[in-house]
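K.L.:
Below is the structure I would like to discuss, written out as structure tokens.
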Amino acid sequence: MSTYDIRTALEAHLLALPLPAIPTEFDNHRIATPPIDAPWQSCSLLPAQPDNPGLDEKTTMQRGVFQVLLRYPSADGAGDAQHRADALCGHFKAPCVLTAGTIQVRTRGRPWVGAPIPGSDRFVIPVSIRWYSIF
């Protein structure tokens with residue numbers, strides 16, 4: 001199991017959202033020139049400390065948050081951004097089982113939409129998706 005496989009599974013599922021695609025910035029892969037008058041999104045894998053729930057410590061549970069920041073032009077209002085945020089929540093809602101390589105990644109509960117992030121020329125909404133993998 002690797003963090004790479006977890007990241008691959010979550011990012012592939014993000015790109016499979018059944019809405020029109022928008023440019024996506026991944027960890028360590030920046031958009032050369034972010035669109036000025038169009039929406040785009042960025043995502044980050046935020047793993048927590050692994051846990052060994054068994055007595056023999058041969059089983060490991062890796063978990064964390066997959067954070068998606070929806071970035072919309074400020075003048076466009078909140079409607080389109082909120083629609084995409086709601087669609088992401090439904091797309092990743094548990095039980096969502098994703099596979100990459102030889103591992104399975106499962107989402108936990110319903111993702112949540114945070115308050116808009118102030119101080120930008122964009123309307124930025126965070127969507128947080130809890131996940132875990134046992135190996």
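Going through the structure tokens in order, the chains are called A, B, and so on, while each chain numbers its residues from 1 and the ligands are numbered from 1 in the order shown.
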Tell me which protein, DNA and RNA residues are within 12 Å of A:Ala21, counting only C-alpha atoms, leaving out same-chain ones fewer than 6 positions away, and put them as a ChimeraX atom specification.

P.N.:
/A:14-15,38-41,84

K.L.:
Selected residues, C-alpha atoms, written as a short mmCIF file (atom, residue, chain, number, x, y, z; two decimals), in the first residue's frame, please.

P.N.:
data_model
loop_
_atom_site.label_atom_id
_atom_site.label_comp_id
_atom_site.auth_asym_id
_atom_site.auth_seq_id
_atom_site.Cartn_x
_atom_site.Cartn_y
_atom_site.Cartn_z
CA LEU A 14 -12.62 13.58 -8.60
CA LEU A 15 -12.01 13.78 -12.35
CA ALA A 38 -13.41 30.77 -15.32
CA PRO A 39 -13.62 28.36 -12.39
CA TRP A 40 -10.89 25.92 -11.46
CA GLN A 41 -10.16 23.62 -8.53
CA ARG A 84 -20.39 21.88 -7.80
#

K.L.:
Tell me, counting only C-alpha atoms, for each residue of stretch 13-113 of chain A within 9 Å of stretch 120-125 of chain A, which pair of atoms is nearest and how far apart they are in Å to one decimal, in rows ordered by chain and increasing number, as a Markdown table.

P.N.:
| residue | atom | partner | partner_atom | distance |
| --- | --- | --- | --- | --- |
| A:Pro39 | CA | A:Arg122 | CA | 8.9 |
| A:Gln41 | CA | A:Val124 | CA | 9.0 |
| A:Val68 | CA | A:Ile125 | CA | 8.3 |
| A:Leu69 | CA | A:Ile125 | CA | 5.6 |
| A:Leu70 | CA | A:Ile125 | CA | 5.1 |
| A:Arg71 | CA | A:Val124 | CA | 4.6 |
| A:Tyr72 | CA | A:Phe123 | CA | 5.0 |
| A:Pro73 | CA | A:Arg122 | CA | 4.8 |
| A:Ser74 | CA | A:Arg122 | CA | 4.7 |
| A:Ala75 | CA | A:Arg122 | CA | 8.3 |
| A:Asp76 | CA | A:Phe123 | CA | 8.5 |
| A:Gly77 | CA | A:Phe123 | CA | 7.8 |
| A:Ala78 | CA | A:Phe123 | CA | 7.5 |
| A:Ala81 | CA | A:Ile125 | CA | 7.3 |
| A:Gln82 | CA | A:Ile125 | CA | 7.9 |
| A:Ala85 | CA | A:Ile125 | CA | 7.6 |
| A:Val113 | CA | A:Ile125 | CA | 7.1 |

K.L.:
Output N, CA and C atoms of each residue in that selection to a file, as an mmCIF file, in the first residue's frame.

P.N.:
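Result file follows (part.cif):
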data_model
loop_
_atom_site.group_PDB
_atom_site.id
_atom_site.type_symbol
_atom_site.label_atom_id
_atom_site.label_comp_id
_atom_site.auth_asym_id
_atom_site.auth_seq_id
_atom_site.Cartn_x
_atom_site.Cartn_y
_atom_site.Cartn_z
ATOM 1 N N PRO A 39 -13.909 29.110 -13.617
ATOM 2 C CA PRO A 39 -13.623 28.357 -12.385
ATOM 3 C C PRO A 39 -12.497 27.351 -12.585
ATOM 4 N N GLN A 41 -10.202 24.255 -9.848
ATOM 5 C CA GLN A 41 -10.164 23.621 -8.532
ATOM 6 C C GLN A 41 -8.760 23.123 -8.245
ATOM 7 N N VAL A 68 -10.645 19.518 -1.458
ATOM 8 C CA VAL A 68 -10.837 20.123 -2.776
ATOM 9 C C VAL A 68 -11.242 21.577 -2.552
ATOM 10 N N LEU A 69 -10.510 22.493 -3.168
ATOM 11 C CA LEU A 69 -10.852 23.914 -3.105
ATOM 12 C C LEU A 69 -11.436 24.328 -4.442
ATOM 13 N N LEU A 70 -12.686 24.722 -4.426
ATOM 14 C CA LEU A 70 -13.358 25.196 -5.638
ATOM 15 C C LEU A 70 -13.110 26.695 -5.732
ATOM 16 N N ARG A 71 -12.570 27.133 -6.860
ATOM 17 C CA ARG A 71 -12.169 28.536 -7.033
ATOM 18 C C ARG A 71 -12.962 29.134 -8.197
ATOM 19 N N TYR A 72 -13.875 30.027 -7.844
ATOM 20 C CA TYR A 72 -14.755 30.645 -8.837
ATOM 21 C C TYR A 72 -14.528 32.149 -8.865
ATOM 22 N N PRO A 73 -14.703 32.792 -10.036
ATOM 23 C CA PRO A 73 -14.582 34.248 -10.089
ATOM 24 C C PRO A 73 -15.539 34.898 -9.093
ATOM 25 N N SER A 74 -15.047 35.898 -8.367
ATOM 26 C CA SER A 74 -15.842 36.539 -7.307
ATOM 27 C C SER A 74 -17.142 37.140 -7.811
ATOM 28 N N ALA A 75 -17.130 37.688 -8.974
ATOM 29 C CA ALA A 75 -18.310 38.390 -9.482
ATOM 30 C C ALA A 75 -19.424 37.443 -9.917
ATOM 31 N N ASP A 76 -19.162 36.149 -9.971
ATOM 32 C CA ASP A 76 -20.159 35.193 -10.469
ATOM 33 C C ASP A 76 -21.179 34.774 -9.407
ATOM 34 N N GLY A 77 -20.973 35.157 -8.165
ATOM 35 C CA GLY A 77 -21.885 34.742 -7.113
ATOM 36 C C GLY A 77 -21.569 33.333 -6.642
ATOM 37 N N ALA A 78 -22.392 32.842 -5.725
ATOM 38 C CA ALA A 78 -22.118 31.556 -5.088
ATOM 39 C C ALA A 78 -22.817 30.377 -5.745
ATOM 40 N N ALA A 81 -20.666 27.641 -7.808
ATOM 41 C CA ALA A 81 -19.701 27.024 -6.896
ATOM 42 C C ALA A 81 -20.419 26.100 -5.910
ATOM 43 N N GLN A 82 -21.543 26.542 -5.395
ATOM 44 C CA GLN A 82 -22.295 25.723 -4.444
ATOM 45 C C GLN A 82 -22.858 24.480 -5.124
ATOM 46 N N ALA A 85 -20.015 22.080 -5.391
ATOM 47 C CA ALA A 85 -19.695 21.563 -4.052
ATOM 48 C C ALA A 85 -20.700 20.488 -3.647
ATOM 49 N N VAL A 113 -18.971 20.832 3.242
ATOM 50 C CA VAL A 113 -18.601 22.061 2.564
ATOM 51 C C VAL A 113 -18.332 23.103 3.641
#

K.L.:
Could you give me the residues within chain A that DSSP places in alpha helix (DSSP H), as a ChimeraX atom specification?

P.N.:
/A:3-15,79-92

K.L.:
Can you list, as a ChimeraX atom specification, every protein, DNA or RNA residue that comes within 12 Å of A:Asp27 when you count only C-alpha atoms, leaving out same-chain residues fewer than 6 positions away?

P.N.:
/A:4,7-8,11,41-46,66-68

K.L.:
How many Å lie between atom CA of A:Ala94 and atom CA of A:Pro111, rounded to one decimal?

P.N.:
8.6 Å
